[in-house]
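**Student:** Below you'll find the structure I mean.
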Amino acid sequence: MHLLALLFVQPGGHTFSFNDLDQLLIASDVAKRLLLACALGGAIGLEREYHKKPSGIRTNLLICLGCSFFTLLSAVLAGEANPDKGRVASNIVQGIGFLGAGLILHNRNRISGLTSAASVFVVASIGMACGAGLYVAAVLAALIALLVLEIVGIMETRMNLKNIPLIYEARGRDEVLLMQAILRAMDDVQERLNIMDRDVVGEIHRVTFALDAKRRNHEKLKARLREESDIEKFQIFREQEDD
């Protein structure tokens with residue numbers, strides 16, 4: 001970054017001026033920083049895309065790239081004589097905060113998107129590290145973020161620490177008996193039946209409801225629903241907004 005800062009001279013507050021040689025020297029150092037930012041941001045985006053989250057590969061890649069470039073430009077445009085080289089970079093945190101807030105949704109008495117918003121915040125910091133030339137720190141942060149998103153998420157589920165939102169769909173030929181069977185099963189696992197949708201397809205009545213519960217309770221409910229003879233068939237779907 002010291003070389004980049006020396007290439008910029010702003011005597012007396014005049015406009016920026018870079019000749020062809022300056023731009024070639026800058027580009028040679030900039031390329032590896034931006035490419036590394038793209039690779040690390042894309043890796044985290046790939047994990048998010050795999051789990052069908054709103055912030056995918058392109059979103060995380062572009063965030064990481066943009067933060068890297070802004071961090072790099074912050075020092076270059078400030079110049080060697082200016083001690084305040086982080087003015088542009090300091091505003092990245094505020095901008096990313098607004099972007100992350102847009103990923104958080106409040107829906108059906110649930111809040112989703114918090115992990116996606118947090119991952120965007122982390123990706124921004126990784127991009128800033130790449131722009132500052134802190135390659136080892138950027139790679140380390142990206143690896144830790146990937147481990148947290150994958151391994152910690154699995155541990156939360158298997159250790160019964162996290163609520164999992166699932167959608168249940170039960171089918172039967174008698175609506176009253178179908179509803180009574182669902183209520184009996186819900187009572188047995190001590191869960192409350194909240195939002196519910198009902199419709200009829202030919203002679204088949206279908207009841208759909210969402211349940212946000214621990215994995216152990218979901219397993220108990222599935223076992224109880226299978227025992228009910230009035231429920232001819234039931235299916236389970238994962239909430240798309242689960243985070």
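Residue names in the structure tokens use chain letters A, B, ... in the order shown, residue numbers from 1 in each chain, and ligand numbers from 1 in the order shown.
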Taking 4 positions as the minimum chain separation for residues in the same chain, which residues sit within 10 Å of Cys67 (chain A) when counting only C-alpha atoms? Answer as a list in words.
**Tutor:**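 Everything that qualifies: Leu34, Ala37, Leu62, Ile63, Thr71, Leu72, Leu73, Val88, Ala89, Ile92, Val93, Ile96, Val123, Ala124, Ser125, Ile126, Gly127, Met128, Ala129, Cys130 and Gly131 of chain A.
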**Student:** Tell me, which residues of region 174-223 of chain A carry DSSP strand (DSSP E), written as a JSON list (two decimals) with N, CA and C atoms, in the first residue's frame?
**Tutor:**
```
[["chain", "number", "residue", "atom", "x", "y", "z"],
["A", 196, "MET", "N", -52.61, -22.11, 9.94],
["A", 196, "MET", "CA", -53.02, -23.32, 9.26],
["A", 196, "MET", "C", -53.80, -22.95, 7.99],
["A", 197, "ASP", "N", -53.55, -23.71, 6.93],
["A", 197, "ASP", "CA", -54.28, -23.53, 5.67],
["A", 197, "ASP", "C", -55.02, -24.82, 5.35],
["A", 198, "ARG", "N", -56.27, -24.67, 4.85],
["A", 198, "ARG", "CA", -57.06, -25.85, 4.49],
["A", 198, "ARG", "C", -57.61, -25.67, 3.08],
["A", 199, "ASP", "N", -57.61, -26.76, 2.32],
["A", 199, "ASP", "CA", -58.23, -26.74, 1.00],
["A", 199, "ASP", "C", -58.67, -28.15, 0.63],
["A", 200, "VAL", "N", -59.44, -28.25, -0.44],
["A", 200, "VAL", "CA", -59.99, -29.53, -0.88],
["A", 200, "VAL", "C", -59.61, -29.74, -2.34],
["A", 201, "VAL", "N", -59.09, -30.92, -2.64],
["A", 201, "VAL", "CA", -58.76, -31.31, -4.01],
["A", 201, "VAL", "C", -59.54, -32.60, -4.30],
["A", 204, "ILE", "N", -60.16, -35.27, -1.51],
["A", 204, "ILE", "CA", -59.07, -35.22, -0.53],
["A", 204, "ILE", "C", -59.04, -33.85, 0.16],
["A", 205, "HIS", "N", -59.06, -33.87, 1.48],
["A", 205, "HIS", "CA", -58.90, -32.65, 2.27],
["A", 205, "HIS", "C", -57.42, -32.52, 2.65],
["A", 206, "ARG", "N", -56.92, -31.32, 2.53],
["A", 206, "ARG", "CA", -55.50, -31.08, 2.81],
["A", 206, "ARG", "C", -55.36, -29.97, 3.84],
["A", 207, "VAL", "N", -54.56, -30.25, 4.87],
["A", 207, "VAL", "CA", -54.29, -29.26, 5.92],
["A", 207, "VAL", "C", -52.79, -29.01, 5.96],
["A", 208, "THR", "N", -52.40, -27.74, 5.89],
["A", 208, "THR", "CA", -51.00, -27.37, 5.91],
["A", 208, "THR", "C", -50.74, -26.44, 7.09],
["A", 209, "PHE", "N", -49.69, -26.73, 7.85],
["A", 209, "PHE", "CA", -49.35, -25.88, 8.98],
["A", 209, "PHE", "C", -47.84, -25.86, 9.18],
["A", 210, "ALA", "N", -47.35, -24.80, 9.79],
["A", 210, "ALA", "CA", -45.92, -24.64, 10.04],
["A", 210, "ALA", "C", -45.64, -24.85, 11.51],
["A", 211, "LEU", "N", -44.49, -25.44, 11.79],
["A", 211, "LEU", "CA", -44.08, -25.67, 13.19],
["A", 211, "LEU", "C", -42.60, -25.32, 13.33],
["A", 212, "ASP", "N", -42.32, -24.46, 14.28],
["A", 212, "ASP", "CA", -40.94, -24.06, 14.58],
["A", 212, "ASP", "C", -40.56, -24.72, 15.91],
["A", 213, "ALA", "N", -39.79, -25.81, 15.84],
["A", 213, "ALA", "CA", -39.50, -26.59, 17.04],
["A", 213, "ALA", "C", -38.13, -27.25, 16.95]]
```
**Student:** In terms of the shortest atom-to-atom distance over only C-alpha atoms, which of A:Gly202, A:Ile164, A:Ile44, A:Leu99 is closest to Arg58 (chain A)?
**Tutor:**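 Checking each candidate against Arg58 (chain A), we get A:Ile44 as the closest.
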**Student:** Using only C-alpha atoms, which protein or nucleic acid residues come within 10 Å of Gly100 (chain A)? Drop anything in the same chain fewer than 2 positions from it, and give the result as a VMD selection string.
**Tutor:** chain A and resid 55 95 to 98 102 to 104 113 to 121
**Student:** Write out as a compact mmCIF listing (two decimals) with N, CA and C atoms, in the first residue's frame each polymer residue whose atoms come within 12 Å of Arg226 (chain A), counting only C-alpha atoms; drop sequence neighbours fewer than 5 positions from it.
**Tutor:**
```txt
# COMPACT_ATOMS: atom_id res chain seq x y z
N ALA A 170 -50.86 -32.54 5.77
CA ALA A 170 -51.58 -33.78 6.08
C ALA A 170 -52.80 -33.89 5.18
N ARG A 171 -53.10 -35.13 4.75
CA ARG A 171 -54.22 -35.35 3.83
C ARG A 171 -55.13 -36.46 4.35
N ALA A 181 -57.20 -35.55 14.39
CA ALA A 181 -55.97 -36.36 14.44
C ALA A 181 -54.74 -35.47 14.58
N ILE A 182 -54.73 -34.36 13.86
CA ILE A 182 -53.59 -33.43 13.94
C ILE A 182 -53.50 -32.82 15.33
N ALA A 185 -52.12 -35.30 17.88
CA ALA A 185 -50.68 -35.45 17.72
C ALA A 185 -49.93 -34.24 18.28
N GLU A 219 -39.31 -35.04 15.36
CA GLU A 219 -39.29 -36.50 15.24
C GLU A 219 -40.47 -37.13 15.97
N LYS A 220 -40.80 -36.61 17.15
CA LYS A 220 -41.94 -37.13 17.92
C LYS A 220 -43.25 -36.88 17.17
N LEU A 221 -43.38 -35.67 16.60
CA LEU A 221 -44.61 -35.34 15.89
C LEU A 221 -44.77 -36.21 14.65
N ILE A 231 -55.23 -39.89 9.09
CA ILE A 231 -54.30 -39.17 8.22
C ILE A 231 -53.78 -40.18 7.19
N GLU A 232 -54.26 -40.05 5.96
CA GLU A 232 -53.87 -41.01 4.93
C GLU A 232 -52.44 -40.80 4.46
N LYS A 233 -51.99 -39.54 4.47
CA LYS A 233 -50.64 -39.24 4.01
C LYS A 233 -50.22 -37.89 4.56
N PHE A 234 -48.96 -37.77 4.93
CA PHE A 234 -48.45 -36.45 5.30
C PHE A 234 -47.03 -36.28 4.75
N GLN A 235 -46.71 -35.03 4.45
CA GLN A 235 -45.41 -34.69 3.90
C GLN A 235 -44.82 -33.54 4.70
```
**Student:** Which distance in Å separates CA of Asp188 (chain A) and CA of Glu228 (chain A), to one decimal?
**Tutor:**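 One can read the CA of Asp188 (chain A) to CA of Glu228 (chain A) distance as 12.1 Å.
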**Student:** What are the DSSP helix (DSSP H, G or I) residues of region 30-235 of chain A, as an MDAnalysis selection string?
**Tutor:** chainID A and resid 30:50 57:78 87:101 114:131 135:158 175:188 215:227
**Student:** Which value, in Å to one decimal, gives the distance between CA of Ala43 (chain A) and CA of Val148 (chain A)?
**Tutor:**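 Atom-to-atom, CA of Ala43 (chain A) to CA of Val148 (chain A), that is 13.4 Å.
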**Student:** How far is it from CA of Gly56 (chain A) to CA of Leu40 (chain A), in Å with one decimal?
**Tutor:**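 Taking CA of Gly56 (chain A) as the start and CA of Leu40 (chain A) as the end point, the length is 12.9 Å.
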**Student:** Using only C-alpha atoms, which residue out of A:Cys64, A:Val139, A:Ile195, A:His51 lies closest to Gly153 (chain A)?
**Tutor:** A:His51
**Student:** I want to know what sits within 6 Å of Gly42 (chain A), based on only C-alpha atoms, with residues of the same chain fewer than 4 positions away left out; could you give that as an MDAnalysis selection string?
**Tutor:** chainID A and resid 38 46 57 61
**Student:** Closest to Ala138 (chain A) among A:Val76, A:Val122, A:Val152, A:Val176, using only C-alpha atoms?
**Tutor:** A:Val122
